[in-house]
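Heads up, the thing below is written out as structure tokens.
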Amino acid sequence: MIWRVRNRVQQEHYWHGRLYALCALVLCVPLVVGCPNGGGGNDVPSEPTAKTYTVTYSTGNIAGVTGKVPAAQIKKEGDVVLIAGNSGNLERAGYIFKGWNTDPDGDGTTYWIDYSFDKDVNITLYPFWYKGILVEPGKTSEEIGKLTESWGVVVEGEATAEDLKSIIQALKAKQTATPGVLVSLDLTGVTGIEEIGKDNDHSFKGITNLEKIELPSGVTTLYQSAFEGCDNLREVIIGDTVTKIEADAFRNATRLETVVYKAASMPRSTFKGCSALKTVTIGKKCKEIGRDAFENCPTLETVTFEASTATWAWDDGSAYDGVKSWIVNDAAVNGARIRDFNTKAGLRQQ
């Protein structure tokens, strides 16, 4: 009897032991599955390696280029790198280094020095060469007088209203003496000039040999008709320091094709009659576009708003949210068409 009781107890212990072992095995399974390093509960999973992208610089095998390109830049996904400068003293006879471009011939997208590049792509950039000469403000009129073919003139340095007057006089003299010679003026490196077109001596009105102009970085005011009737003007770049532009500033500039407009507002009839105008970029600071700003611009294809998330409204109350590009010929985005600029009273950012 005692033997049987002891045997039963031992038997119960035996089965309980198997049950305990089975429970321990079941409890350990999640630890083995979840902890690849042997089940240790304190191990922290490693973070995935961030993707990287390369900004490569190349001369593009353009003949006559000397110097070295900058070293490639590596950026992590989501990071920003500053576009390199001309650290290797790249030079090309008859040209000025202005920045970098995605095309060796300069027909792609241009990135200026110290531009904050944030795209997560591999990209190769080539020197952006500006065909022209580099001069000081006081010598610009003399160099314009020497030109025998269409050329670019890059002006850098402190200038006065008298320097601007002499440049305009030199252009007028050149169009009379050699009317086939066109001049591209880059004045972005000029300081000290704040107004253009205040009177006839300081206005480009009617100058027919001006092909392109980049306004001085410190200009704040363009007076009425400052560039009206510039028949060969094809491109104009207006910086964000401009706070006042009077009506008809570029009226009847019949060959003007490209405009980069960063001023705070665009008054009425600014580009009225610019019959060759194709593309316009409106900067983030621009809050208002006046009546008839693009009237009689039949070739206008695209207006790109850099502030693409803003809300713009016509005076009749209709609004368009997040409009970036508006295209003529009914290829519309959110129902807006370029011709609306001609028929509405104006466009205002809310």
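Letters A, B, ... mark the chains of the structure tokens in the order given; residue numbers begin at 1 per chain; ligand numbers begin at 1, in order shown.
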>> So that I can see what lies close to Leu147 (chain A), please list as a VMD selection string the residues with an atom at most 9 Å from it, counting only C-alpha atoms and leaving out residues fewer than 2 positions away in the same chain.
In response: chain A and resid 143 to 145 149 to 151 174 181 183
Dump as a tab-separated table (two decimals), in the first residue's frame, selection limited to all heavy atoms:
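Dumped to selection-v5.tsv:
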chain	number	residue	atom	x	y	z
A	143	GLU	N	34.39	99.12	-73.71
A	143	GLU	CA	34.44	97.75	-74.23
A	143	GLU	C	33.28	97.47	-75.17
A	143	GLU	O	33.44	96.75	-76.16
A	143	GLU	CB	34.42	96.75	-73.06
A	143	GLU	CG	35.66	96.80	-72.18
A	143	GLU	CD	36.93	96.49	-72.96
A	143	GLU	OE1	36.88	95.67	-73.91
A	143	GLU	OE2	37.99	97.06	-72.62
A	144	ILE	N	32.11	98.04	-74.89
A	144	ILE	CA	30.98	97.88	-75.81
A	144	ILE	C	31.32	98.50	-77.16
A	144	ILE	O	30.99	97.94	-78.23
A	144	ILE	CB	29.71	98.52	-75.21
A	144	ILE	CG1	29.21	97.70	-74.02
A	144	ILE	CG2	28.60	98.63	-76.28
A	144	ILE	CD1	28.02	98.30	-73.31
A	145	GLY	N	31.99	99.62	-77.14
A	145	GLY	CA	32.39	100.28	-78.39
A	145	GLY	C	33.35	99.47	-79.22
A	145	GLY	O	33.39	99.63	-80.45
A	149	GLU	N	31.28	91.83	-82.94
A	149	GLU	CA	30.30	90.76	-83.13
A	149	GLU	C	29.47	90.66	-81.86
A	149	GLU	O	29.83	91.21	-80.81
A	149	GLU	CB	30.98	89.43	-83.44
A	149	GLU	CG	31.93	88.94	-82.36
A	149	GLU	CD	32.56	87.61	-82.70
A	149	GLU	OE1	31.79	86.69	-83.06
A	149	GLU	OE2	33.79	87.48	-82.62
A	150	SER	N	28.36	89.95	-81.96
A	150	SER	CA	27.48	89.81	-80.80
A	150	SER	C	28.22	89.12	-79.67
A	150	SER	O	28.85	88.08	-79.87
A	150	SER	CB	26.23	89.01	-81.18
A	150	SER	OG	25.50	89.70	-82.19
A	151	TRP	N	28.12	89.71	-78.47
A	151	TRP	CA	28.95	89.22	-77.37
A	151	TRP	C	28.29	89.54	-76.03
A	151	TRP	O	27.40	90.39	-75.94
A	151	TRP	CB	30.32	89.88	-77.43
A	151	TRP	CG	31.44	89.02	-76.90
A	151	TRP	CD1	32.06	89.13	-75.69
A	151	TRP	CD2	32.08	87.93	-77.56
A	151	TRP	NE1	33.04	88.18	-75.55
A	151	TRP	CE2	33.07	87.42	-76.70
A	151	TRP	CE3	31.89	87.31	-78.80
A	151	TRP	CZ2	33.88	86.33	-77.02
A	151	TRP	CZ3	32.70	86.23	-79.13
A	151	TRP	CH2	33.68	85.76	-78.25
A	174	LYS	N	26.41	102.08	-80.50
A	174	LYS	CA	26.75	100.83	-81.17
A	174	LYS	C	25.63	100.40	-82.13
A	174	LYS	O	25.92	99.92	-83.24
A	174	LYS	CB	27.01	99.74	-80.14
A	174	LYS	CG	27.28	98.35	-80.71
A	174	LYS	CD	28.47	98.32	-81.67
A	174	LYS	CE	29.77	98.63	-80.97
A	174	LYS	NZ	30.93	98.47	-81.87
A	181	VAL	N	25.29	93.98	-84.35
A	181	VAL	CA	25.97	93.49	-83.15
A	181	VAL	C	25.02	93.59	-81.96
A	181	VAL	O	24.56	94.68	-81.59
A	181	VAL	CB	27.25	94.30	-82.87
A	181	VAL	CG1	27.86	93.89	-81.53
A	181	VAL	CG2	28.26	94.08	-84.00
A	183	VAL	N	24.16	92.78	-77.84
A	183	VAL	CA	24.89	92.76	-76.58
A	183	VAL	C	24.04	92.11	-75.49
A	183	VAL	O	22.85	92.42	-75.35
A	183	VAL	CB	25.28	94.18	-76.13
A	183	VAL	CG1	26.04	94.14	-74.81
A	183	VAL	CG2	26.11	94.87	-77.21
>> So that I can see what lies close to Ile83 (chain A), please list as an NGL selection string the residues with an atom at most 8 Å from it, counting only C-alpha atoms and leaving out residues fewer than 2 positions away in the same chain.
In response: :A and (81 or 85 or 111-117)
Taking only C-alpha atoms into account, produce a table as JSON lines in which each residue of region 207-259 of chain A with an atom at most 9 Å from an atom of region 161-171 of chain A appears once, together with its shortest atom pair and the distance in Å to one decimal, ordered by chain and rising number.
{"residue": "A:Ile207", "atom": "CA", "partner": "A:Leu171", "partner_atom": "CA", "distance": 7.2}
{"residue": "A:Thr208", "atom": "CA", "partner": "A:Leu171", "partner_atom": "CA", "distance": 8.7}
{"residue": "A:Asn209", "atom": "CA", "partner": "A:Leu171", "partner_atom": "CA", "distance": 7.0}
{"residue": "A:Leu210", "atom": "CA", "partner": "A:Leu171", "partner_atom": "CA", "distance": 7.6}
>> So that I can check the secondary structure, give me every residue of region 72-125 of chain A assigned strand (DSSP E) by backbone DSSP, as a ChimeraX atom specification.
In response: /A:73-76,81-82,91-92,95-101,110-111,116-117,123-125
For the interface of region 228-254 of chain A with region 184-198 of chain A (cut-off 9 Å, counting only C-alpha atoms), please tabulate each contacting residue of region 228-254 of chain A alongside its nearest pair of atoms and their separation in Å to one decimal, rows sorted by chain and increasing number, as a Markdown table.
| residue | atom | partner | partner_atom | distance |
| --- | --- | --- | --- | --- |
| A:Leu233 | CA | A:Ser184 | CA | 8.9 |
| A:Gly239 | CA | A:Thr188 | CA | 8.6 |
| A:Val242 | CA | A:Glu194 | CA | 8.7 |
| A:Ala249 | CA | A:Gly197 | CA | 8.9 |
Resulting file, chosen residues, N, CA, C and O atoms, as a PDB file, in the first residue's frame:
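File written: result-v7.pdb
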ATOM      1  N   LEU A 233      15.447  92.198 -77.424  1.00  0.00           N
ATOM      2  CA  LEU A 233      15.598  91.651 -76.077  1.00  0.00           C
ATOM      3  C   LEU A 233      14.878  90.304 -75.996  1.00  0.00           C
ATOM      4  O   LEU A 233      13.671  90.220 -76.194  1.00  0.00           O
ATOM      5  N   GLY A 239      15.706  90.399 -60.338  1.00  0.00           N
ATOM      6  CA  GLY A 239      15.983  89.862 -59.014  1.00  0.00           C
ATOM      7  C   GLY A 239      14.930  90.217 -57.977  1.00  0.00           C
ATOM      8  O   GLY A 239      14.035  91.048 -58.214  1.00  0.00           O
ATOM      9  N   VAL A 242      13.925  93.983 -56.389  1.00  0.00           N
ATOM     10  CA  VAL A 242      13.033  94.940 -57.037  1.00  0.00           C
ATOM     11  C   VAL A 242      11.700  94.977 -56.288  1.00  0.00           C
ATOM     12  O   VAL A 242      11.032  93.956 -56.135  1.00  0.00           O
ATOM     13  N   ALA A 249       6.710  98.454 -68.402  1.00  0.00           N
ATOM     14  CA  ALA A 249       8.165  98.369 -68.271  1.00  0.00           C
ATOM     15  C   ALA A 249       8.807  97.621 -69.436  1.00  0.00           C
ATOM     16  O   ALA A 249       9.891  97.991 -69.896  1.00  0.00           O
TER      17      ALA A 249
END
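CA of Glu301 (chain A) is positioned 14.2 Å from CA of Phe271 (chain A).
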> Which polymer residues have any atom within 12 Å of an atom of Gly106 (chain A), counting only C-alpha atoms, with same-chain residues fewer than 5 positions away left out, as a list in words?
Replying inline: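 Answer for this query is Thr59, Gly60, Ile62, Phe97, Lys98, Gly99, Trp100, Asn101, Tyr111, Leu125, Tyr126, Pro127, Phe128, Trp129, Tyr130 and Lys131 of chain A.
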>> Among region 133-321 of chain A, which residues does DSSP mark as helix (DSSP H, G or I) when it is run on the backbone? Keep the chain and numbering as in the structure and answer as a PyMOL selection string.
In response: chain A and resi 137-146+161-177+200-202
>> As an exercise, work out the distance from CA of Glu246 (chain A) to CA of Leu300 (chain A) in Å and give it to one decimal place.
In response: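 For CA of Glu246 (chain A) relative to CA of Leu300 (chain A), the distance reads 21.7 Å.
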> Closest to Glu156 (chain A) among A:Arg255, A:Lys287, A:Lys51, A:Lys139, using only C-alpha atoms?
Replying inline: A:Lys139
